[in-house]
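Q: Below is the file my_file08.pdb, with PDB, C-alpha atoms.
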MODEL        1
ATOM      1  CA  MET A   1     -38.438  11.611   3.120  1.00  0.00           C
ATOM      2  CA  PRO A   2     -36.115  14.405   4.380  1.00  0.00           C
ATOM      3  CA  ASP A   3     -32.360  14.400   3.737  1.00  0.00           C
ATOM      4  CA  ILE A   4     -30.391  12.998   6.665  1.00  0.00           C
ATOM      5  CA  GLU A   5     -26.976  14.395   7.551  1.00  0.00           C
ATOM      6  CA  ILE A   6     -24.440  11.839   8.779  1.00  0.00           C
ATOM      7  CA  ILE A   7     -22.971  12.956  12.100  1.00  0.00           C
ATOM      8  CA  HIS A   8     -19.916  11.532  13.881  1.00  0.00           C
ATOM      9  CA  VAL A   9     -20.195  10.677  17.550  1.00  0.00           C
ATOM     10  CA  THR A  10     -18.341  13.939  18.220  1.00  0.00           C
ATOM     11  CA  GLY A  11     -21.205  15.836  16.622  1.00  0.00           C
ATOM     12  CA  LYS A  12     -19.110  17.069  13.680  1.00  0.00           C
ATOM     13  CA  PRO A  13     -20.395  16.505  10.135  1.00  0.00           C
ATOM     14  CA  LYS A  14     -18.694  13.634   8.319  1.00  0.00           C
ATOM     15  CA  GLU A  15     -16.106  14.964   5.894  1.00  0.00           C
ATOM     16  CA  GLU A  16     -16.157  13.842   2.295  1.00  0.00           C
ATOM     17  CA  GLY A  17     -13.278  13.296  -0.112  1.00  0.00           C
ATOM     18  CA  PRO A  18      -9.612  12.676   0.602  1.00  0.00           C
ATOM     19  CA  LEU A  19      -7.687  14.058   3.563  1.00  0.00           C
ATOM     20  CA  THR A  20      -6.176  17.498   2.880  1.00  0.00           C
ATOM     21  CA  GLU A  21      -3.335  19.500   4.414  1.00  0.00           C
ATOM     22  CA  GLN A  22      -5.785  22.342   5.017  1.00  0.00           C
ATOM     23  CA  GLU A  23      -7.801  20.110   7.388  1.00  0.00           C
ATOM     24  CA  LEU A  24      -4.706  19.421   9.458  1.00  0.00           C
ATOM     25  CA  ARG A  25      -4.060  23.102  10.156  1.00  0.00           C
ATOM     26  CA  HIS A  26      -7.286  23.187  12.205  1.00  0.00           C
ATOM     27  CA  PHE A  27      -5.719  20.997  14.887  1.00  0.00           C
ATOM     28  CA  THR A  28      -4.012  23.314  17.345  1.00  0.00           C
ATOM     29  CA  GLY A  29      -3.698  21.136  20.446  1.00  0.00           C
ATOM     30  CA  ASP A  30      -5.812  20.060  23.378  1.00  0.00           C
ATOM     31  CA  LEU A  31      -5.575  17.663  26.300  1.00  0.00           C
ATOM     32  CA  GLU A  32      -7.400  14.690  24.722  1.00  0.00           C
ATOM     33  CA  ARG A  33      -5.192  11.652  24.023  1.00  0.00           C
ATOM     34  CA  THR A  34      -5.688   8.120  22.698  1.00  0.00           C
ATOM     35  CA  ARG A  35      -3.463   5.303  23.925  1.00  0.00           C
ATOM     36  CA  HIS A  36      -1.932   3.014  21.314  1.00  0.00           C
ATOM     37  CA  GLY A  37      -3.257  -0.530  21.572  1.00  0.00           C
ATOM     38  CA  LEU A  38       0.071  -2.368  21.401  1.00  0.00           C
ATOM     39  CA  ASN A  39       2.731   0.075  22.602  1.00  0.00           C
ATOM     40  CA  ARG A  40       1.010   1.405  25.730  1.00  0.00           C
ATOM     41  CA  GLN A  41       3.787   3.967  26.182  1.00  0.00           C
ATOM     42  CA  VAL A  42       2.568   5.763  23.027  1.00  0.00           C
ATOM     43  CA  ILE A  43      -0.377   8.157  23.072  1.00  0.00           C
ATOM     44  CA  TYR A  44      -1.588  10.420  20.296  1.00  0.00           C
ATOM     45  CA  THR A  45      -3.587  13.579  19.766  1.00  0.00           C
ATOM     46  CA  PRO A  46      -6.884  14.152  17.948  1.00  0.00           C
ATOM     47  CA  GLY A  47      -4.934  15.514  14.966  1.00  0.00           C
ATOM     48  CA  VAL A  48      -2.951  12.288  14.565  1.00  0.00           C
ATOM     49  CA  GLU A  49      -6.128  10.262  15.029  1.00  0.00           C
ATOM     50  CA  HIS A  50      -7.790  12.379  12.325  1.00  0.00           C
ATOM     51  CA  VAL A  51      -4.918  11.571   9.945  1.00  0.00           C
ATOM     52  CA  ALA A  52      -5.303   7.877  10.720  1.00  0.00           C
ATOM     53  CA  GLU A  53      -9.070   7.894  10.307  1.00  0.00           C
ATOM     54  CA  ARG A  54      -9.469  10.164   7.278  1.00  0.00           C
ATOM     55  CA  GLY A  55      -6.283   8.973   5.574  1.00  0.00           C
ATOM     56  CA  GLN A  56      -7.093   5.324   6.338  1.00  0.00           C
ATOM     57  CA  ALA A  57      -3.646   5.192   7.924  1.00  0.00           C
ATOM     58  CA  TYR A  58      -3.838   3.629  11.365  1.00  0.00           C
ATOM     59  CA  TRP A  59      -0.918   1.612   9.993  1.00  0.00           C
ATOM     60  CA  LEU A  60       1.154   4.807  10.168  1.00  0.00           C
ATOM     61  CA  ILE A  61       0.588   5.160  13.926  1.00  0.00           C
ATOM     62  CA  ASP A  62       1.331   1.432  14.301  1.00  0.00           C
ATOM     63  CA  ALA A  63       4.589   1.787  12.352  1.00  0.00           C
ATOM     64  CA  ILE A  64       5.806   4.699  14.477  1.00  0.00           C
ATOM     65  CA  ALA A  65       4.718   3.019  17.727  1.00  0.00           C
ATOM     66  CA  SER A  66       6.508  -0.190  16.724  1.00  0.00           C
ATOM     67  CA  TRP A  67       9.808   1.689  16.286  1.00  0.00           C
ATOM     68  CA  ILE A  68       9.588   3.591  19.585  1.00  0.00           C
ATOM     69  CA  GLY A  69      11.408   1.505  22.194  1.00  0.00           C
ATOM     70  CA  SER A  70      12.860  -0.879  19.604  1.00  0.00           C
ATOM     71  CA  GLU A  71      16.548  -1.847  19.629  1.00  0.00           C
ATOM     72  CA  PRO A  72      17.488   0.532  16.755  1.00  0.00           C
ATOM     73  CA  PHE A  73      15.540   3.342  18.437  1.00  0.00           C
ATOM     74  CA  ASN A  74      17.202   2.767  21.820  1.00  0.00           C
ATOM     75  CA  LYS A  75      20.658   2.642  20.211  1.00  0.00           C
ATOM     76  CA  ALA A  76      20.026   5.907  18.376  1.00  0.00           C
ATOM     77  CA  ALA A  77      18.757   7.521  21.605  1.00  0.00           C
ATOM     78  CA  ALA A  78      21.879   6.348  23.456  1.00  0.00           C
ATOM     79  CA  ASP A  79      24.042   7.935  20.722  1.00  0.00           C
ATOM     80  CA  ASP A  80      22.014  11.168  20.599  1.00  0.00           C
ATOM     81  CA  PRO A  81      20.146  12.093  23.826  1.00  0.00           C
ATOM     82  CA  ARG A  82      17.851  14.507  21.947  1.00  0.00           C
ATOM     83  CA  ILE A  83      16.042  11.481  20.508  1.00  0.00           C
ATOM     84  CA  SER A  84      15.014  10.308  23.978  1.00  0.00           C
ATOM     85  CA  GLN A  85      13.174  13.604  24.535  1.00  0.00           C
ATOM     86  CA  MET A  86      11.805  14.556  21.120  1.00  0.00           C
ATOM     87  CA  HIS A  87      12.176  13.494  17.508  1.00  0.00           C
ATOM     88  CA  PHE A  88      10.436  13.988  14.181  1.00  0.00           C
ATOM     89  CA  TRP A  89       8.789  11.459  11.824  1.00  0.00           C
ATOM     90  CA  THR A  90       8.055  12.041   8.156  1.00  0.00           C
ATOM     91  CA  LEU A  91       6.107   9.906   5.721  1.00  0.00           C
ATOM     92  CA  LYS A  92       7.052  10.905   2.185  1.00  0.00           C
ATOM     93  CA  LEU A  93       5.440   9.360  -0.865  1.00  0.00           C
ATOM     94  CA  GLY A  94       7.737   8.141  -3.613  1.00  0.00           C
ATOM     95  CA  GLU A  95       7.194   6.881  -7.123  1.00  0.00           C
ATOM     96  CA  GLY A  96       3.914   5.082  -7.790  1.00  0.00           C
ATOM     97  CA  THR A  97       2.545   3.605  -4.591  1.00  0.00           C
ATOM     98  CA  THR A  98       5.750   3.544  -2.531  1.00  0.00           C
ATOM     99  CA  ALA A  99       6.692   5.702   0.431  1.00  0.00           C
ATOM    100  CA  GLN A 100       9.417   6.142   2.981  1.00  0.00           C
ATOM    101  CA  LEU A 101       8.904   6.628   6.713  1.00  0.00           C
ATOM    102  CA  PHE A 102      11.853   8.096   8.564  1.00  0.00           C
ATOM    103  CA  ALA A 103      12.708   9.651  11.912  1.00  0.00           C
ATOM    104  CA  LYS A 104      15.244  12.388  12.662  1.00  0.00           C
ATOM    105  CA  ALA A 105      16.563  13.995  15.816  1.00  0.00           C
ATOM    106  CA  ASP A 106      16.220  17.368  14.069  1.00  0.00           C
ATOM    107  CA  SER A 107      15.636  18.585  10.518  1.00  0.00           C
ATOM    108  CA  PRO A 108      19.209  18.891   9.191  1.00  0.00           C
ATOM    109  CA  ASP A 109      20.254  15.553  10.765  1.00  0.00           C
ATOM    110  CA  GLU A 110      20.366  12.248   8.940  1.00  0.00           C
ATOM    111  CA  PRO A 111      17.492   9.856   9.737  1.00  0.00           C
ATOM    112  CA  PHE A 112      18.137   7.382  12.540  1.00  0.00           C
ATOM    113  CA  ILE A 113      15.283   5.134  11.358  1.00  0.00           C
ATOM    114  CA  VAL A 114      14.209   4.548   7.748  1.00  0.00           C
ATOM    115  CA  GLN A 115      11.401   2.215   6.697  1.00  0.00           C
ATOM    116  CA  GLU A 116      10.523   1.598   3.077  1.00  0.00           C
ATOM    117  CA  ILE A 117       6.776   1.246   2.448  1.00  0.00           C
ATOM    118  CA  GLU A 118       6.112  -0.917  -0.609  1.00  0.00           C
ATOM    119  CA  TYR A 119       2.484   0.100  -1.038  1.00  0.00           C
ATOM    120  CA  THR A 120       0.340   2.926   0.227  1.00  0.00           C
ATOM    121  CA  ASP A 121      -2.599   4.915  -1.044  1.00  0.00           C
ATOM    122  CA  PHE A 122      -2.062   7.637   1.570  1.00  0.00           C
ATOM    123  CA  PRO A 123      -3.683  10.813   0.169  1.00  0.00           C
ATOM    124  CA  LEU A 124      -0.951  13.361   1.029  1.00  0.00           C
ATOM    125  CA  GLN A 125       2.499  13.600  -0.558  1.00  0.00           C
ATOM    126  CA  GLN A 126       4.081  14.093   2.849  1.00  0.00           C
ATOM    127  CA  ILE A 127       3.094  14.262   6.495  1.00  0.00           C
ATOM    128  CA  ASP A 128       5.105  15.122   9.578  1.00  0.00           C
ATOM    129  CA  ILE A 129       4.341  13.686  13.004  1.00  0.00           C
ATOM    130  CA  TRP A 130       6.325  14.819  16.002  1.00  0.00           C
ATOM    131  CA  ALA A 131       7.012  12.667  19.067  1.00  0.00           C
ATOM    132  CA  ALA A 132       7.755  14.068  22.525  1.00  0.00           C
ATOM    133  CA  PHE A 133       8.430  12.207  25.784  1.00  0.00           C
ATOM    134  CA  ASP A 134       6.880  13.565  28.996  1.00  0.00           C
ATOM    135  CA  GLY A 135       8.709  11.183  31.319  1.00  0.00           C
ATOM    136  CA  GLU A 136       5.962   8.566  31.081  1.00  0.00           C
ATOM    137  CA  HIS A 137       4.482   8.578  27.559  1.00  0.00           C
ATOM    138  CA  TRP A 138       5.517   9.322  24.012  1.00  0.00           C
ATOM    139  CA  THR A 139       2.955  11.721  22.557  1.00  0.00           C
ATOM    140  CA  LEU A 140       2.539  11.728  18.780  1.00  0.00           C
ATOM    141  CA  TYR A 141       1.179  15.005  17.440  1.00  0.00           C
ATOM    142  CA  LEU A 142       0.958  17.187  14.354  1.00  0.00           C
ATOM    143  CA  PRO A 143       3.276  20.211  14.091  1.00  0.00           C
ATOM    144  CA  SER A 144       0.200  22.497  14.301  1.00  0.00           C
ATOM    145  CA  GLU A 145      -0.601  20.939  17.693  1.00  0.00           C
ATOM    146  CA  HIS A 146       2.763  21.950  19.200  1.00  0.00           C
TER     147      HIS A 146
ENDMDL
END
So that I can check it, write out the structure of this file as structure tokens.

A:
Amino acid sequence: MPDIEIIHVTGKPKEEGPLTEQELRHFTGDLERTRHGLNRQVIYTPGVEHVAERGQAYWLIDAIASWIGSEPFNKAAADDPRISQMHFWTLKLGEGTTAQLFAKADSPDEPFIVQEIEYTDFPLQQIDIWAAFDGEHWTLYLPSEH
């Protein structure tokens, strides 16, 4: 019997092993978007979907989407108008299986949202996801997709 290659619906070969930073650099932006199931104002790019799928981290998109439009988010945006246009999320792994998810208006600024993650097996030490508002939707994307 011949060897059979597993192909995704997109026609790309299925990747093996853990998610790598090198994979993420291949995402450079396009017009395809996926709408978040609960926060319909949030959409995300193929790069962010790749992170969620390969990193088994749809929870990361859910966490970010749950903060966008929340009371703490709206208060921070009222205090700093930059947040209502664009802001930057980082998931950073800590000791053992812990992590911290935080959002900033810009890199030198203090986070306006911080969420402690008690357990994760996310494969990267850190990932950045940017969020930009187009007047209708918040688009989550990788820095390489900017």

Q: Just give me the gap between atom CA of Ile61 of chain A and atom CA of Glu116 of chain A in Å, one decimal is fine.

A: 15.1 Å

Q: Please measure the separation of atom CA of Ala131 of chain A and atom CA of Ile83 of chain A, giving the value in Å to one decimal.

A: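 Going from atom CA of Ala131 of chain A over to atom CA of Ile83 of chain A covers 9.2 Å.
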
Q: Go through A:Gln125, A:Gln56, A:Thr139, A:Thr20 one by one, measure the shortest atom-to-atom distance of each to Leu91 of chain A using all atoms listed in the file, and give the residue with the smallest value.

A: A:Gln125

Q: By how many Å are atom CA of Thr120 of chain A and atom CA of Leu24 of chain A apart?

A: 19.6 Å

Q: Between A:Arg40, A:His137, A:Lys92, A:His26, which residue has the minimum interatomic distance to Leu124 of chain A, considering only C-alpha atoms?

A: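 Between A:Arg40, A:His137, A:Lys92, A:His26, the residue approaching Leu124 of chain A most closely is A:Lys92.
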
Q: Show me the residues close to (-8.3, 8.6, 21.1) - anything with an atom within 9 Å, counting only C-alpha atoms - and format the list as a list in words.

A: Glu32, Arg33, Thr34, Arg35, His36, Ile43, Tyr44, Thr45, Pro46 and Glu49 of chain A

Q: Any chance you could export the current selection's C-alpha atoms as a PDB file, in the frame of the given file?

A:
ATOM      1  CA  GLU A  32      -7.400  14.690  24.722  1.00  0.00           C
ATOM      2  CA  ARG A  33      -5.192  11.652  24.023  1.00  0.00           C
ATOM      3  CA  THR A  34      -5.688   8.120  22.698  1.00  0.00           C
ATOM      4  CA  ARG A  35      -3.463   5.303  23.925  1.00  0.00           C
ATOM      5  CA  HIS A  36      -1.932   3.014  21.314  1.00  0.00           C
ATOM      6  CA  ILE A  43      -0.377   8.157  23.072  1.00  0.00           C
ATOM      7  CA  TYR A  44      -1.588  10.420  20.296  1.00  0.00           C
ATOM      8  CA  THR A  45      -3.587  13.579  19.766  1.00  0.00           C
ATOM      9  CA  PRO A  46      -6.884  14.152  17.948  1.00  0.00           C
ATOM     10  CA  GLU A  49      -6.128  10.262  15.029  1.00  0.00           C
TER      11      GLU A  49
END

Q: Find the spatial neighbours of segment 27-31 of chain A, counting all atoms listed in the file, within a cut-off of 10 Å - ignore same-chain residues fewer than 5 positions away - and output them as a PyMOL selection string.

A: chain A and resi 22+45-48+50+141-146

Q: Go ahead and dump the residues you just picked, C-alpha atoms, as a PDB file, in the coordinates of the input.

A:
ATOM      1  CA  GLN A  22      -5.785  22.342   5.017  1.00  0.00           C
ATOM      2  CA  THR A  45      -3.587  13.579  19.766  1.00  0.00           C
ATOM      3  CA  PRO A  46      -6.884  14.152  17.948  1.00  0.00           C
ATOM      4  CA  GLY A  47      -4.934  15.514  14.966  1.00  0.00           C
ATOM      5  CA  VAL A  48      -2.951  12.288  14.565  1.00  0.00           C
ATOM      6  CA  HIS A  50      -7.790  12.379  12.325  1.00  0.00           C
ATOM      7  CA  TYR A 141       1.179  15.005  17.440  1.00  0.00           C
ATOM      8  CA  LEU A 142       0.958  17.187  14.354  1.00  0.00           C
ATOM      9  CA  PRO A 143       3.276  20.211  14.091  1.00  0.00           C
ATOM     10  CA  SER A 144       0.200  22.497  14.301  1.00  0.00           C
ATOM     11  CA  GLU A 145      -0.601  20.939  17.693  1.00  0.00           C
ATOM     12  CA  HIS A 146       2.763  21.950  19.200  1.00  0.00           C
TER      13      HIS A 146
END

Q: Could you tell me which residues the PyMOL selection byres ((chain A and resi 65-80) around 12) returns for this structure, as a PDB file with C-alpha atoms, keeping the file's coordinate frame?

A:
ATOM      1  CA  ARG A  35      -3.463   5.303  23.925  1.00  0.00           C
ATOM      2  CA  HIS A  36      -1.932   3.014  21.314  1.00  0.00           C
ATOM      3  CA  GLY A  37      -3.257  -0.530  21.572  1.00  0.00           C
ATOM      4  CA  LEU A  38       0.071  -2.368  21.401  1.00  0.00           C
ATOM      5  CA  ASN A  39       2.731   0.075  22.602  1.00  0.00           C
ATOM      6  CA  ARG A  40       1.010   1.405  25.730  1.00  0.00           C
ATOM      7  CA  GLN A  41       3.787   3.967  26.182  1.00  0.00           C
ATOM      8  CA  VAL A  42       2.568   5.763  23.027  1.00  0.00           C
ATOM      9  CA  ILE A  43      -0.377   8.157  23.072  1.00  0.00           C
ATOM     10  CA  TYR A  44      -1.588  10.420  20.296  1.00  0.00           C
ATOM     11  CA  TYR A  58      -3.838   3.629  11.365  1.00  0.00           C
ATOM     12  CA  TRP A  59      -0.918   1.612   9.993  1.00  0.00           C
ATOM     13  CA  LEU A  60       1.154   4.807  10.168  1.00  0.00           C
ATOM     14  CA  ILE A  61       0.588   5.160  13.926  1.00  0.00           C
ATOM     15  CA  ASP A  62       1.331   1.432  14.301  1.00  0.00           C
ATOM     16  CA  ALA A  63       4.589   1.787  12.352  1.00  0.00           C
ATOM     17  CA  ILE A  64       5.806   4.699  14.477  1.00  0.00           C
ATOM     18  CA  PRO A  81      20.146  12.093  23.826  1.00  0.00           C
ATOM     19  CA  ARG A  82      17.851  14.507  21.947  1.00  0.00           C
ATOM     20  CA  ILE A  83      16.042  11.481  20.508  1.00  0.00           C
ATOM     21  CA  SER A  84      15.014  10.308  23.978  1.00  0.00           C
ATOM     22  CA  GLN A  85      13.174  13.604  24.535  1.00  0.00           C
ATOM     23  CA  MET A  86      11.805  14.556  21.120  1.00  0.00           C
ATOM     24  CA  HIS A  87      12.176  13.494  17.508  1.00  0.00           C
ATOM     25  CA  PHE A  88      10.436  13.988  14.181  1.00  0.00           C
ATOM     26  CA  TRP A  89       8.789  11.459  11.824  1.00  0.00           C
ATOM     27  CA  LEU A 101       8.904   6.628   6.713  1.00  0.00           C
ATOM     28  CA  PHE A 102      11.853   8.096   8.564  1.00  0.00           C
ATOM     29  CA  ALA A 103      12.708   9.651  11.912  1.00  0.00           C
ATOM     30  CA  LYS A 104      15.244  12.388  12.662  1.00  0.00           C
ATOM     31  CA  ALA A 105      16.563  13.995  15.816  1.00  0.00           C
ATOM     32  CA  ASP A 106      16.220  17.368  14.069  1.00  0.00           C
ATOM     33  CA  ASP A 109      20.254  15.553  10.765  1.00  0.00           C
ATOM     34  CA  GLU A 110      20.366  12.248   8.940  1.00  0.00           C
ATOM     35  CA  PRO A 111      17.492   9.856   9.737  1.00  0.00           C
ATOM     36  CA  PHE A 112      18.137   7.382  12.540  1.00  0.00           C
ATOM     37  CA  ILE A 113      15.283   5.134  11.358  1.00  0.00           C
ATOM     38  CA  VAL A 114      14.209   4.548   7.748  1.00  0.00           C
ATOM     39  CA  GLN A 115      11.401   2.215   6.697  1.00  0.00           C
ATOM     40  CA  ILE A 129       4.341  13.686  13.004  1.00  0.00           C
ATOM     41  CA  ALA A 131       7.012  12.667  19.067  1.00  0.00           C
ATOM     42  CA  ALA A 132       7.755  14.068  22.525  1.00  0.00           C
ATOM     43  CA  PHE A 133       8.430  12.207  25.784  1.00  0.00           C
ATOM     44  CA  HIS A 137       4.482   8.578  27.559  1.00  0.00           C
ATOM     45  CA  TRP A 138       5.517   9.322  24.012  1.00  0.00           C
ATOM     46  CA  THR A 139       2.955  11.721  22.557  1.00  0.00           C
ATOM     47  CA  LEU A 140       2.539  11.728  18.780  1.00  0.00           C
TER      48      LEU A 140
END

Q: Determine the nearest neighbour of Ile117 of chain A from the options A:Pro18, A:Ala57, A:Gln100, A:Gly94, counting only C-alpha atoms.

A: A:Gln100

Q: Ranking A:Glu53, A:Glu21, A:Asp128, A:Asp121 by minimum distance to Thr90 of chain A and counting only C-alpha atoms, which one comes first?

A: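 With only C-alpha atoms as the atom set, the closest residue is A:Asp128.
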
Q: Kindly provide, as lines of an AutoDock Vina configuration file, the centre and edge lengths (Å, one decimal) of an axis-aligned box around all atoms of segment 52-56 of chain A given in the file, with 6 Å on each side.

A:
center_x = -7.4
center_y = 7.7
center_z = 8.1
size_x = 16.2
size_y = 16.8
size_z = 17.1
